[in-house]
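Written out below as structure tokens is the structure these notes cover.
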Amino acid sequence: MKRRIQIAVSVITISIALLAYEFTALSQQRGAPAVPGAAVPAGQAAQGGQRGQALPGTETGWSLFQTRCAVCHLNPAVDLAIPGTVLREMTPEKIFASLTTGSMKEKSEGITDPQKRRIAEFLSGRPMGSSPAGDAKNMPNKCAQNPAMTEPAAGASWNGWGNDNSNTRFQPAAQARLTAADVPKLKLKWAFGFPTGETTSSQPTIVSGRVFVGSDNGYIYSLDAATGCVYWSFEGGSIVRGSLAVGNVSGQGDARYAVFYGDGHANIFAVNAQDGRLLWKTKVDSHIVARITAGTRYYNGKLFVPVSSSEEFSSGTPDYPCCTSRGSIVAMDANTGKILWKTWVVPGEMKAYKIQSNGVVLYAPGGGGVWNAPTIDPARQAVYISTGDATTFPSPATTDGVIAVDMNNGKLLWSYQADEKDVFMGGCNGAVRSEACPNPMGPDLDIGNSPILKTLPGGKRALLVGTKQGHVIALDPDNNGAVLYRVLATTGQPVIMSGGRGGNIVWGGAADDQNVYYGAGGGAGLVALRLATGEKVWAFTPTQGGTLGAAPTAIPGVVFEGASNGRLFAVSTTNGSSIWEFNTAQEFTTVNKVPAHGGAISVSGAVISGGMLFVSSGYAITSAPSGGNVLLAFSVE
């Protein structure tokens, strides 16, 4: 009889937990009401450009929430606890005040003020003080006029993450208007500071003589490419990490072109590119920490959106109900924001499978985040994405690899898995851990970079990706992803087994008609490999230190690569020698009079268009000292 009661209680508990999860999803779909913001406590507002703050990295707040707050705020059995989804709609000032002087002061004992601030900023999705400070109306460099935009595809441009449907990150000579001989003459022309910004990874988009760029302060900006004057700003309310895309739009009044982007709350926005007016907003995933980390891709009236999440950070804490997040690729009508289809990386229906001794319910399946911008293949009517690891057993064949889906209906066409049985979550290293922690752990081999679609010498096509083990893999998109070659980036030799490290490729590559280039991190540096064979051509390692892991960018004769110490290098594609460099990790006088400095260039790379080079500097997800809040523009004197 006692056994039957225990089973009944377990079933009821799981049912309650499932209802709570469904309530969470519904509350995000409907949009929880915003809580009025409080004034920023004295001395607490983030000041972009100021170093030396005793703060952890900008996105460590979620890890702290998982370990200290989830037991109440993600547990429906706790009376009076505000649901986590509601907290995410609050301002950082409101959350911080509650933790320091309000109702949560006693519960947050042992958490430092800088840590409390990070919790507040992650949940809200932006730095404290950013809402009033970030508005372009308060800037002294407003453009005197806002002439009608020209057709984005008509002139020199760099539109979105990879610049083209194939994500080659290559700019042809006619569009670059910058030659290898010009590069050593590059000089800083202007700098723009993101108010209150602390981490910068949004890659600028250049169309119609304008720059469109996002920030961690919840704003996107439209600037004049030549001068840096600001046309407008738009406040979405949460961090923008990926690149923005500009495309045609209809049925939206006088709007002809829209800027499309995603934010840290998994919202997708369409904003009038001319004046910054909101056209539509759609949430594409209801999970509490679903987010858009990479750039969206506009193609033929549709928007293709990659969805990831922050769930892995410290999901191994026993108080966190792991794992309920799955990565996906979403197709949307660019004119209306309507979701046309959504394909999960990890298939199956999310279900509760276990109750821990502490009463916390565990779920499966989970994982498979998409950290990269989609690649478009019109010939095959396919969309390609790279995928992350699983967070629950068993790991499906669609994780840690590349998948191809039909662009018209989202149907899976084929998948390739680079590494099998990779189940990973953070927070499982301590003595106290969740029963969800995998055994064996990891080894955490997400493929975070966009597949590069290229035609090889001789006419055969290849789809290329890099792995965290430093492998470069070429797949045949015309033969269901069959492997053409798999080599170690540092040697260019074939890989017999999946193990063996040859660098650490995370964020991307670039390709011209002969070579593919990857920032391979660690001691591997920037590596050039033959497109046709994977044979190593050369490697560049800077003498000044720093890890070369950002996505490279190529023009004829030159490849640009950023470093974790803030240096930006221009390297000859002929022999791998450095022909120009610039240290972005310094203070800058900005056109909008915002205190600003650069930092790590570790994710997004430089973009080149119309004789100018643009780069964002200051990536600080885990290390605040590497942060920055500046966009730099260079031209030839």
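Residues are referred to by chain and number: the chain letter is A, B, ... according to the order shown in the structure tokens, the number counts from 1 in that chain, and ligands are numbered separately from 1 in the order shown.
Summary of the local environment: counting only C-alpha atoms, residues at most 6 Å from region 242-255 of chain A, other than itself and those fewer than 4 positions away along its chain, are Asn159, Gly160, Trp161, Ser202, Gln203, Val259, Phe260, Tyr261, Asn272, Thr293, Ala294, Gly295 and Asn335 of chain A.
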How would the residues just chosen look if you wrote them out with all heavy atoms as a CSV table (one decimal), in the first residue's frame?
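Below is the file out.csv, written as the result:
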chain,number,residue,atom,x,y,z
A,159,ASN,N,25.9,41.8,-46.2
A,159,ASN,CA,24.6,41.6,-45.7
A,159,ASN,C,24.5,40.3,-44.9
A,159,ASN,O,24.5,39.2,-45.5
A,159,ASN,CB,23.6,41.6,-46.8
A,159,ASN,CG,22.2,41.9,-46.2
A,159,ASN,OD1,21.9,41.8,-45.0
A,159,ASN,ND2,21.2,42.2,-47.1
A,160,GLY,N,24.5,40.4,-43.6
A,160,GLY,CA,24.4,39.2,-42.7
A,160,GLY,C,25.7,38.6,-42.4
A,160,GLY,O,26.8,39.1,-42.7
A,161,TRP,N,25.7,37.4,-41.8
A,161,TRP,CA,26.9,36.8,-41.2
A,161,TRP,C,28.0,36.5,-42.3
A,161,TRP,O,29.1,36.9,-42.2
A,161,TRP,CB,26.5,35.5,-40.5
A,161,TRP,CG,27.7,34.8,-40.0
A,161,TRP,CD1,28.3,33.6,-40.5
A,161,TRP,CD2,28.5,35.0,-38.8
A,161,TRP,NE1,29.3,33.2,-39.8
A,161,TRP,CE2,29.5,34.0,-38.8
A,161,TRP,CE3,28.5,36.1,-37.9
A,161,TRP,CZ2,30.5,34.0,-37.8
A,161,TRP,CZ3,29.5,36.0,-36.9
A,161,TRP,CH2,30.5,35.0,-36.8
A,202,SER,N,28.0,41.5,-31.8
A,202,SER,CA,27.2,41.6,-33.0
A,202,SER,C,28.0,42.1,-34.2
A,202,SER,O,28.6,43.2,-34.1
A,202,SER,CB,26.0,42.6,-32.7
A,202,SER,OG,25.2,42.8,-33.8
A,203,GLN,N,28.0,41.4,-35.3
A,203,GLN,CA,28.7,41.7,-36.5
A,203,GLN,C,27.9,42.7,-37.3
A,203,GLN,O,26.8,42.5,-37.5
A,203,GLN,CB,29.0,40.5,-37.3
A,203,GLN,CG,29.8,40.7,-38.5
A,203,GLN,CD,30.1,39.5,-39.3
A,203,GLN,OE1,31.0,38.7,-38.9
A,203,GLN,NE2,29.4,39.2,-40.3
A,259,VAL,N,15.1,45.5,-41.4
A,259,VAL,CA,16.3,44.9,-40.7
A,259,VAL,C,15.7,43.8,-39.9
A,259,VAL,O,14.8,44.0,-39.0
A,259,VAL,CB,17.0,45.9,-39.8
A,259,VAL,CG1,18.2,45.3,-39.1
A,259,VAL,CG2,17.4,47.1,-40.6
A,260,PHE,N,16.2,42.6,-40.0
A,260,PHE,CA,15.8,41.4,-39.3
A,260,PHE,C,16.8,41.0,-38.3
A,260,PHE,O,18.0,40.9,-38.7
A,260,PHE,CB,15.4,40.2,-40.2
A,260,PHE,CG,14.4,40.6,-41.3
A,260,PHE,CD1,14.9,40.9,-42.6
A,260,PHE,CD2,13.1,40.6,-41.0
A,260,PHE,CE1,14.0,41.2,-43.6
A,260,PHE,CE2,12.2,40.9,-42.0
A,260,PHE,CZ,12.6,41.2,-43.3
A,261,TYR,N,16.4,40.6,-37.1
A,261,TYR,CA,17.4,40.2,-36.1
A,261,TYR,C,16.7,39.4,-35.0
A,261,TYR,O,15.5,39.6,-34.7
A,261,TYR,CB,18.3,41.3,-35.6
A,261,TYR,CG,17.6,42.2,-34.6
A,261,TYR,CD1,17.7,42.0,-33.2
A,261,TYR,CD2,16.7,43.3,-35.0
A,261,TYR,CE1,17.1,42.8,-32.3
A,261,TYR,CE2,16.1,44.1,-34.0
A,261,TYR,CZ,16.3,43.9,-32.7
A,261,TYR,OH,15.7,44.7,-31.8
A,272,ASN,N,11.8,48.7,-39.7
A,272,ASN,CA,11.9,49.5,-41.0
A,272,ASN,C,13.3,50.0,-41.1
A,272,ASN,O,13.8,50.8,-40.2
A,272,ASN,CB,10.9,50.7,-40.9
A,272,ASN,CG,10.8,51.4,-42.3
A,272,ASN,OD1,11.7,51.3,-43.1
A,272,ASN,ND2,9.8,52.2,-42.4
A,293,THR,N,21.5,33.3,-30.9
A,293,THR,CA,22.9,33.7,-30.7
A,293,THR,C,23.5,34.1,-32.0
A,293,THR,O,24.4,34.9,-32.1
A,293,THR,CB,23.7,32.5,-30.1
A,293,THR,OG1,23.0,32.0,-29.0
A,293,THR,CG2,25.1,32.9,-29.8
A,294,ALA,N,23.1,33.5,-33.1
A,294,ALA,CA,23.7,33.7,-34.4
A,294,ALA,C,22.7,34.6,-35.3
A,294,ALA,O,21.6,34.9,-34.9
A,294,ALA,CB,23.9,32.4,-35.1
A,295,GLY,N,23.2,34.9,-36.5
A,295,GLY,CA,22.5,35.7,-37.4
A,295,GLY,C,21.3,35.0,-38.1
A,295,GLY,O,21.4,33.8,-38.4
A,335,ASN,N,7.5,39.1,-44.4
A,335,ASN,CA,6.6,40.2,-44.5
A,335,ASN,C,5.7,40.3,-43.2
A,335,ASN,O,5.3,41.4,-42.9
A,335,ASN,CB,5.7,40.1,-45.7
A,335,ASN,CG,6.5,40.2,-47.0
A,335,ASN,OD1,7.4,41.0,-47.1
A,335,ASN,ND2,6.2,39.3,-47.9
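For Gly276 (chain A), the set of protein, DNA and RNA residues having any atom at most 8 Å away, when counting only C-alpha atoms and skipping those fewer than 5 positions along the same chain, is Ser222, Trp232, Ser233, Phe234 and Val271 of chain A.
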Output file for the residues above (N, CA, C and O atoms, as an mmCIF file, in the first residue's frame):
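Contents of selection-v9.cif, as written:
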data_model
loop_
_atom_site.group_PDB
_atom_site.id
_atom_site.type_symbol
_atom_site.label_atom_id
_atom_site.label_comp_id
_atom_site.auth_asym_id
_atom_site.auth_seq_id
_atom_site.Cartn_x
_atom_site.Cartn_y
_atom_site.Cartn_z
ATOM 1 N N SER A 222 21.345 52.313 -36.672
ATOM 2 C CA SER A 222 21.614 52.574 -38.082
ATOM 3 C C SER A 222 22.549 53.776 -38.163
ATOM 4 O O SER A 222 22.219 54.866 -37.666
ATOM 5 N N TRP A 232 19.203 56.347 -36.591
ATOM 6 C CA TRP A 232 18.166 55.992 -35.628
ATOM 7 C C TRP A 232 18.640 54.844 -34.749
ATOM 8 O O TRP A 232 19.642 54.175 -35.044
ATOM 9 N N SER A 233 17.904 54.626 -33.675
ATOM 10 C CA SER A 233 18.100 53.452 -32.836
ATOM 11 C C SER A 233 16.749 52.807 -32.590
ATOM 12 O O SER A 233 15.708 53.468 -32.659
ATOM 13 N N PHE A 234 16.766 51.510 -32.311
ATOM 14 C CA PHE A 234 15.544 50.800 -31.952
ATOM 15 C C PHE A 234 15.832 49.934 -30.740
ATOM 16 O O PHE A 234 16.818 49.183 -30.718
ATOM 17 N N VAL A 271 12.360 45.507 -38.417
ATOM 18 C CA VAL A 271 12.350 46.943 -38.171
ATOM 19 C C VAL A 271 12.536 47.656 -39.507
ATOM 20 O O VAL A 271 13.368 47.248 -40.334
#
- If you count only C-alpha atoms, the residue of A:Arg169, A:Lys468, A:Arg277, A:Arg241 closest to Val559 (chain A) turns out to be A:Arg169
- Query: In region 352-490 of chain A, what's strand (DSSP E) per DSSP? Answer as a PyMOL selection string?
  - Reply: chain A and resi 352-355+361-364+375-377+382-386+401-406+412-417+452-455+461-466+471-476+482-488
For those residues, write C-alpha atoms to a file as a PDB file, in the first residue's frame.
ATOM      1  CA  ALA A 352       9.433  13.998 -17.459  1.00  0.00           C
ATOM      2  CA  TYR A 353      11.301  10.753 -16.760  1.00  0.00           C
ATOM      3  CA  LYS A 354      12.530  10.928 -13.166  1.00  0.00           C
ATOM      4  CA  ILE A 355      12.037  12.632  -9.807  1.00  0.00           C
ATOM      5  CA  VAL A 361      11.833  16.590 -11.867  1.00  0.00           C
ATOM      6  CA  LEU A 362      14.157  15.657 -14.745  1.00  0.00           C
ATOM      7  CA  TYR A 363      13.187  15.749 -18.426  1.00  0.00           C
ATOM      8  CA  ALA A 364      14.332  14.482 -21.821  1.00  0.00           C
ATOM      9  CA  THR A 375      23.421  28.349 -45.135  1.00  0.00           C
ATOM     10  CA  ILE A 376      21.121  28.462 -48.171  1.00  0.00           C
ATOM     11  CA  ASP A 377      21.378  26.084 -51.151  1.00  0.00           C
ATOM     12  CA  ALA A 382      17.935  23.135 -48.804  1.00  0.00           C
ATOM     13  CA  VAL A 383      18.986  24.915 -45.634  1.00  0.00           C
ATOM     14  CA  TYR A 384      22.096  23.692 -43.794  1.00  0.00           C
ATOM     15  CA  ILE A 385      22.925  24.239 -40.122  1.00  0.00           C
ATOM     16  CA  SER A 386      25.571  22.920 -37.747  1.00  0.00           C
ATOM     17  CA  GLY A 401      27.047  17.610 -36.800  1.00  0.00           C
ATOM     18  CA  VAL A 402      25.368  19.088 -39.849  1.00  0.00           C
ATOM     19  CA  ILE A 403      21.744  18.694 -40.894  1.00  0.00           C
ATOM     20  CA  ALA A 404      20.018  19.553 -44.154  1.00  0.00           C
ATOM     21  CA  VAL A 405      16.328  20.462 -44.217  1.00  0.00           C
ATOM     22  CA  ASP A 406      13.953  21.269 -47.050  1.00  0.00           C
ATOM     23  CA  LEU A 412      14.939  16.543 -42.668  1.00  0.00           C
ATOM     24  CA  LEU A 413      16.803  15.659 -45.862  1.00  0.00           C
ATOM     25  CA  TRP A 414      19.955  14.185 -44.325  1.00  0.00           C
ATOM     26  CA  SER A 415      22.258  14.513 -41.338  1.00  0.00           C
ATOM     27  CA  TYR A 416      25.931  13.921 -40.603  1.00  0.00           C
ATOM     28  CA  GLN A 417      27.313  13.420 -37.100  1.00  0.00           C
ATOM     29  CA  ILE A 452      30.411  26.903 -45.989  1.00  0.00           C
ATOM     30  CA  LEU A 453      29.056  25.875 -49.390  1.00  0.00           C
ATOM     31  CA  LYS A 454      31.672  26.002 -52.150  1.00  0.00           C
ATOM     32  CA  THR A 455      32.210  24.700 -55.657  1.00  0.00           C
ATOM     33  CA  ARG A 461      30.444  21.032 -54.578  1.00  0.00           C
ATOM     34  CA  ALA A 462      31.425  20.741 -50.920  1.00  0.00           C
ATOM     35  CA  LEU A 463      29.960  21.771 -47.574  1.00  0.00           C
ATOM     36  CA  LEU A 464      32.703  22.566 -45.047  1.00  0.00           C
ATOM     37  CA  VAL A 465      32.655  22.833 -41.238  1.00  0.00           C
ATOM     38  CA  GLY A 466      35.240  22.914 -38.458  1.00  0.00           C
ATOM     39  CA  HIS A 471      38.949  18.809 -37.659  1.00  0.00           C
ATOM     40  CA  VAL A 472      37.895  20.299 -40.985  1.00  0.00           C
ATOM     41  CA  ILE A 473      35.219  18.203 -42.658  1.00  0.00           C
ATOM     42  CA  ALA A 474      34.039  18.424 -46.266  1.00  0.00           C
ATOM     43  CA  LEU A 475      30.644  16.890 -47.047  1.00  0.00           C
ATOM     44  CA  ASP A 476      28.940  16.272 -50.380  1.00  0.00           C
ATOM     45  CA  ALA A 482      28.752  11.858 -47.787  1.00  0.00           C
ATOM     46  CA  VAL A 483      32.225  12.640 -46.419  1.00  0.00           C
ATOM     47  CA  LEU A 484      34.662  13.957 -49.015  1.00  0.00           C
ATOM     48  CA  TYR A 485      37.482  14.369 -46.499  1.00  0.00           C
ATOM     49  CA  ARG A 486      38.137  14.920 -42.800  1.00  0.00           C
ATOM     50  CA  VAL A 487      41.513  16.324 -41.774  1.00  0.00           C
ATOM     51  CA  LEU A 488      43.257  17.864 -38.776  1.00  0.00           C
TER      52      LEU A 488
END
- Rank A:Gly610, A:Pro394, A:Gly427, A:Gly388 by their smallest atom-to-atom distance to Ala156 (chain A), using only C-alpha atoms, and report the top residue only. A:Gly610
Spatial neighbours of Val183 (chain A), max dist 12 Å, only C-alpha atoms, sep filter under 3 positions, as a CSV table (one decimal) with N, CA and C atoms, in the first residue's frame:
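Generated output (out_8.csv):
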chain,number,residue,atom,x,y,z
A,176,ALA,N,34.5,44.8,-52.4
A,176,ALA,CA,35.4,45.2,-51.4
A,176,ALA,C,36.0,46.6,-51.6
A,177,ARG,N,36.4,46.8,-52.9
A,177,ARG,CA,37.0,48.1,-53.3
A,177,ARG,C,38.2,48.3,-52.4
A,178,LEU,N,38.8,47.2,-52.0
A,178,LEU,CA,40.0,47.3,-51.1
A,178,LEU,C,40.9,46.2,-51.6
A,179,THR,N,42.1,46.5,-52.0
A,179,THR,CA,43.1,45.5,-52.5
A,179,THR,C,44.1,45.2,-51.5
A,180,ALA,N,44.8,44.1,-51.8
A,180,ALA,CA,45.9,43.7,-50.9
A,180,ALA,C,47.0,44.8,-50.7
A,186,LEU,N,45.5,51.1,-44.3
A,186,LEU,CA,44.3,51.3,-43.5
A,186,LEU,C,44.5,52.1,-42.2
A,187,LYS,N,43.7,53.1,-42.0
A,187,LYS,CA,43.7,53.9,-40.8
A,187,LYS,C,42.3,54.0,-40.2
A,555,ILE,N,39.2,38.7,-48.6
A,555,ILE,CA,39.1,39.4,-49.9
A,555,ILE,C,40.1,38.9,-50.8
A,556,PRO,N,40.2,39.2,-52.0
A,556,PRO,CA,41.2,38.7,-52.9
A,556,PRO,C,42.6,39.0,-52.3
A,557,GLY,N,43.4,38.0,-52.0
A,557,GLY,CA,44.8,38.2,-51.6
A,557,GLY,C,45.0,38.3,-50.1
A,558,VAL,N,43.9,38.5,-49.3
A,558,VAL,CA,44.0,38.9,-47.9
A,558,VAL,C,42.9,38.2,-47.1
A,559,VAL,N,43.3,37.7,-45.9
A,559,VAL,CA,42.3,37.2,-44.9
A,559,VAL,C,42.5,37.9,-43.6
A,560,PHE,N,41.4,38.4,-43.0
A,560,PHE,CA,41.5,39.1,-41.8
A,560,PHE,C,41.1,38.2,-40.6
A,569,PHE,N,44.3,41.2,-37.4
A,569,PHE,CA,45.4,40.9,-38.3
A,569,PHE,C,44.9,40.8,-39.8
A,570,ALA,N,45.7,41.3,-40.7
A,570,ALA,CA,45.5,41.1,-42.1
A,570,ALA,C,46.7,40.2,-42.6
A,571,VAL,N,46.3,39.0,-43.2
A,571,VAL,CA,47.3,38.0,-43.5
A,571,VAL,C,47.3,37.7,-45.0
A,572,SER,N,48.4,37.6,-45.6
A,572,SER,CA,48.5,37.3,-47.1
A,572,SER,C,48.0,35.9,-47.3
A,578,SER,N,51.9,38.3,-42.1
A,578,SER,CA,51.1,39.4,-41.7
A,578,SER,C,51.5,40.6,-42.5
A,579,ILE,N,50.5,41.4,-43.0
A,579,ILE,CA,50.7,42.6,-43.8
A,579,ILE,C,50.2,43.8,-43.1
A,580,TRP,N,49.4,43.6,-42.0
A,580,TRP,CA,48.8,44.8,-41.3
A,580,TRP,C,48.2,44.3,-40.0
A,581,GLU,N,48.3,45.1,-39.0
A,581,GLU,CA,47.6,44.7,-37.7
A,581,GLU,C,47.2,46.0,-37.0
A,582,PHE,N,46.2,45.8,-36.1
A,582,PHE,CA,45.7,47.0,-35.3
A,582,PHE,C,45.3,46.5,-34.0
A,608,ILE,N,34.0,43.8,-44.8
A,608,ILE,CA,34.6,44.8,-45.8
A,608,ILE,C,33.6,45.1,-46.8
A,611,GLY,N,35.4,49.8,-49.9
A,611,GLY,CA,36.7,50.4,-49.5
A,611,GLY,C,36.9,50.7,-48.0
A,612,MET,N,35.9,50.1,-47.2
A,612,MET,CA,36.1,50.3,-45.7
A,612,MET,C,36.0,49.0,-45.0
A,613,LEU,N,36.6,48.9,-43.8
A,613,LEU,CA,36.6,47.7,-43.0
A,613,LEU,C,36.0,48.1,-41.7
A,634,PHE,N,37.5,51.5,-40.6
A,634,PHE,CA,38.8,51.9,-41.1
A,634,PHE,C,38.6,52.2,-42.6
A,635,SER,N,39.5,53.0,-43.1
A,635,SER,CA,39.6,53.3,-44.6
A,635,SER,C,41.0,53.6,-44.9
A,636,VAL,N,41.3,53.7,-46.2
A,636,VAL,CA,42.6,54.0,-46.7
A,636,VAL,C,42.8,55.5,-46.8
A,637,GLU,N,43.8,56.0,-46.2
A,637,GLU,CA,44.0,57.5,-46.2
A,637,GLU,C,44.5,57.9,-47.6
- Item | Within 6 Å of region 433-446 of chain A using only C-alpha atoms, minus same-chain residues under 4 positions, as a PyMOL selection string | chain A and resi 316-318+388-389+400+422-424+428+468
- Do you know which residues are at most 9 Å from Met149 (chain A) counting only C-alpha atoms, after dropping those on the same chain fewer than 4 positions away, and could you put them as JSON, numbers by chain? {"A": [208, 209, 210, 256, 257, 273, 274]}
- Of the listed residues A:Thr574, A:Asn480, A:Thr199, A:Ser286, that which approaches Val603 (chain A) most closely, counting only C-alpha atoms: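 For Val603 (chain A), the nearest of the candidates is A:Thr199.
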- Exercise: region 320-328 of chain A partners within 9 Å, only C-alpha atoms, chain neighbours under 4 positions left out, as an MDAnalysis selection string: chainID A and resid 21 66:67 69:71 74:75 285 287:290 305:312 314:316 342:347 350:351 360:371 387:388 390:392 434 436
- Query: At what distance in Å, to one decimal, does CA of Ile119 (chain A) lie from CA of Thr200 (chain A)?
  - Reply: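 Spanning CA of Thr200 (chain A) to CA of Ile119 (chain A) is a straight-line distance of 18.8 Å.
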Taking 4 positions as the minimum chain separation for residues in the same chain, which residues sit within 12 Å of Asp333 (chain A) when counting only C-alpha atoms? Answer as a PDB file with N, CA and C atoms, in the first residue's frame.
ATOM      1  N   GLY A 247      16.498  42.934 -45.855  1.00  0.00           N
ATOM      2  CA  GLY A 247      15.824  42.384 -47.019  1.00  0.00           C
ATOM      3  C   GLY A 247      14.576  43.166 -47.371  1.00  0.00           C
ATOM      4  N   ASN A 248      14.015  42.860 -48.516  1.00  0.00           N
ATOM      5  CA  ASN A 248      12.793  43.521 -48.965  1.00  0.00           C
ATOM      6  C   ASN A 248      11.608  43.094 -48.112  1.00  0.00           C
ATOM      7  N   VAL A 249      10.664  44.007 -47.949  1.00  0.00           N
ATOM      8  CA  VAL A 249       9.460  43.709 -47.192  1.00  0.00           C
ATOM      9  C   VAL A 249       8.273  44.378 -47.881  1.00  0.00           C
ATOM     10  N   SER A 250       7.111  43.754 -47.807  1.00  0.00           N
ATOM     11  CA  SER A 250       5.893  44.326 -48.402  1.00  0.00           C
ATOM     12  C   SER A 250       4.737  44.180 -47.421  1.00  0.00           C
ATOM     13  N   GLY A 251       3.684  44.963 -47.670  1.00  0.00           N
ATOM     14  CA  GLY A 251       2.517  44.895 -46.816  1.00  0.00           C
ATOM     15  C   GLY A 251       2.699  45.571 -45.477  1.00  0.00           C
ATOM     16  N   PHE A 260      16.222  42.552 -40.028  1.00  0.00           N
ATOM     17  CA  PHE A 260      15.752  41.391 -39.281  1.00  0.00           C
ATOM     18  C   PHE A 260      16.837  40.952 -38.296  1.00  0.00           C
ATOM     19  N   ILE A 268      12.192  37.528 -32.552  1.00  0.00           N
ATOM     20  CA  ILE A 268      12.660  37.961 -33.863  1.00  0.00           C
ATOM     21  C   ILE A 268      11.938  39.260 -34.202  1.00  0.00           C
ATOM     22  N   PHE A 269      12.703  40.242 -34.650  1.00  0.00           N
ATOM     23  CA  PHE A 269      12.171  41.562 -34.970  1.00  0.00           C
ATOM     24  C   PHE A 269      12.354  41.868 -36.454  1.00  0.00           C
ATOM     25  N   ALA A 270      11.392  42.591 -36.996  1.00  0.00           N
ATOM     26  CA  ALA A 270      11.539  43.234 -38.301  1.00  0.00           C
ATOM     27  C   ALA A 270      11.350  44.726 -38.068  1.00  0.00           C
ATOM     28  N   TRP A 280       7.172  44.132 -37.090  1.00  0.00           N
ATOM     29  CA  TRP A 280       6.581  43.003 -36.373  1.00  0.00           C
ATOM     30  C   TRP A 280       7.604  42.392 -35.420  1.00  0.00           C
ATOM     31  N   LYS A 281       7.087  41.626 -34.479  1.00  0.00           N
ATOM     32  CA  LYS A 281       7.896  40.936 -33.475  1.00  0.00           C
ATOM     33  C   LYS A 281       7.262  39.582 -33.208  1.00  0.00           C
ATOM     34  N   THR A 282       8.070  38.507 -33.251  1.00  0.00           N
ATOM     35  CA  THR A 282       7.561  37.153 -33.032  1.00  0.00           C
ATOM     36  C   THR A 282       8.515  36.386 -32.116  1.00  0.00           C
ATOM     37  N   ARG A 297      18.954  34.526 -41.552  1.00  0.00           N
ATOM     38  CA  ARG A 297      19.272  34.594 -42.981  1.00  0.00           C
ATOM     39  C   ARG A 297      18.005  34.885 -43.772  1.00  0.00           C
ATOM     40  N   TYR A 298      18.038  35.963 -44.572  1.00  0.00           N
ATOM     41  CA  TYR A 298      16.905  36.342 -45.422  1.00  0.00           C
ATOM     42  C   TYR A 298      17.124  35.750 -46.811  1.00  0.00           C
ATOM     43  N   TYR A 299      16.072  35.082 -47.335  1.00  0.00           N
ATOM     44  CA  TYR A 299      16.158  34.552 -48.689  1.00  0.00           C
ATOM     45  C   TYR A 299      14.763  34.447 -49.298  1.00  0.00           C
ATOM     46  N   ASN A 300      14.567  35.113 -50.409  1.00  0.00           N
ATOM     47  CA  ASN A 300      13.362  34.967 -51.223  1.00  0.00           C
ATOM     48  C   ASN A 300      12.081  35.141 -50.411  1.00  0.00           C
ATOM     49  N   GLY A 301      12.045  36.196 -49.582  1.00  0.00           N
ATOM     50  CA  GLY A 301      10.852  36.504 -48.827  1.00  0.00           C
ATOM     51  C   GLY A 301      10.682  35.727 -47.540  1.00  0.00           C
ATOM     52  N   LYS A 302      11.662  34.866 -47.232  1.00  0.00           N
ATOM     53  CA  LYS A 302      11.607  34.082 -46.006  1.00  0.00           C
ATOM     54  C   LYS A 302      12.793  34.418 -45.108  1.00  0.00           C
ATOM     55  N   LEU A 303      12.588  34.189 -43.832  1.00  0.00           N
ATOM     56  CA  LEU A 303      13.643  34.388 -42.851  1.00  0.00           C
ATOM     57  C   LEU A 303      13.909  33.046 -42.189  1.00  0.00           C
ATOM     58  N   PHE A 304      15.192  32.648 -42.156  1.00  0.00           N
ATOM     59  CA  PHE A 304      15.572  31.383 -41.533  1.00  0.00           C
ATOM     60  C   PHE A 304      16.336  31.692 -40.246  1.00  0.00           C
ATOM     61  N   VAL A 305      15.842  31.133 -39.138  1.00  0.00           N
ATOM     62  CA  VAL A 305      16.271  31.535 -37.811  1.00  0.00           C
ATOM     63  C   VAL A 305      16.879  30.356 -37.049  1.00  0.00           C
ATOM     64  N   GLY A 337       6.051  37.955 -40.189  1.00  0.00           N
ATOM     65  CA  GLY A 337       6.557  37.357 -38.956  1.00  0.00           C
ATOM     66  C   GLY A 337       5.882  36.039 -38.615  1.00  0.00           C
ATOM     67  N   LYS A 338       5.036  35.531 -39.486  1.00  0.00           N
ATOM     68  CA  LYS A 338       4.369  34.255 -39.242  1.00  0.00           C
ATOM     69  C   LYS A 338       5.369  33.107 -39.340  1.00  0.00           C
ATOM     70  N   ILE A 339       5.311  32.169 -38.377  1.00  0.00           N
ATOM     71  CA  ILE A 339       6.161  30.985 -38.425  1.00  0.00           C
ATOM     72  C   ILE A 339       5.587  30.005 -39.443  1.00  0.00           C
ATOM     73  N   LEU A 340       6.392  29.642 -40.432  1.00  0.00           N
ATOM     74  CA  LEU A 340       5.968  28.736 -41.495  1.00  0.00           C
ATOM     75  C   LEU A 340       6.218  27.287 -41.108  1.00  0.00           C
ATOM     76  N   TRP A 341       7.359  27.018 -40.516  1.00  0.00           N
ATOM     77  CA  TRP A 341       7.661  25.694 -39.984  1.00  0.00           C
ATOM     78  C   TRP A 341       8.804  25.787 -38.979  1.00  0.00           C
ATOM     79  N   ASN A 408      11.337  24.515 -47.915  1.00  0.00           N
ATOM     80  CA  ASN A 408       9.920  24.776 -48.122  1.00  0.00           C
ATOM     81  C   ASN A 408       9.028  24.216 -47.022  1.00  0.00           C
TER      82      ASN A 408
END
- Message: Report, in Å to a single decimal, how far apart CA of Ile95 (chain A) and CA of Gly236 (chain A) are.
- Response: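 If I compute the distance from CA of Gly236 (chain A) to CA of Ile95 (chain A), I get 18.8 Å.
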- To one decimal in Å, tell me the separation between CA of His73 (chain A) and CA of Ser130 (chain A).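 We find that CA of His73 (chain A) and CA of Ser130 (chain A) lie 25.3 Å from each other.
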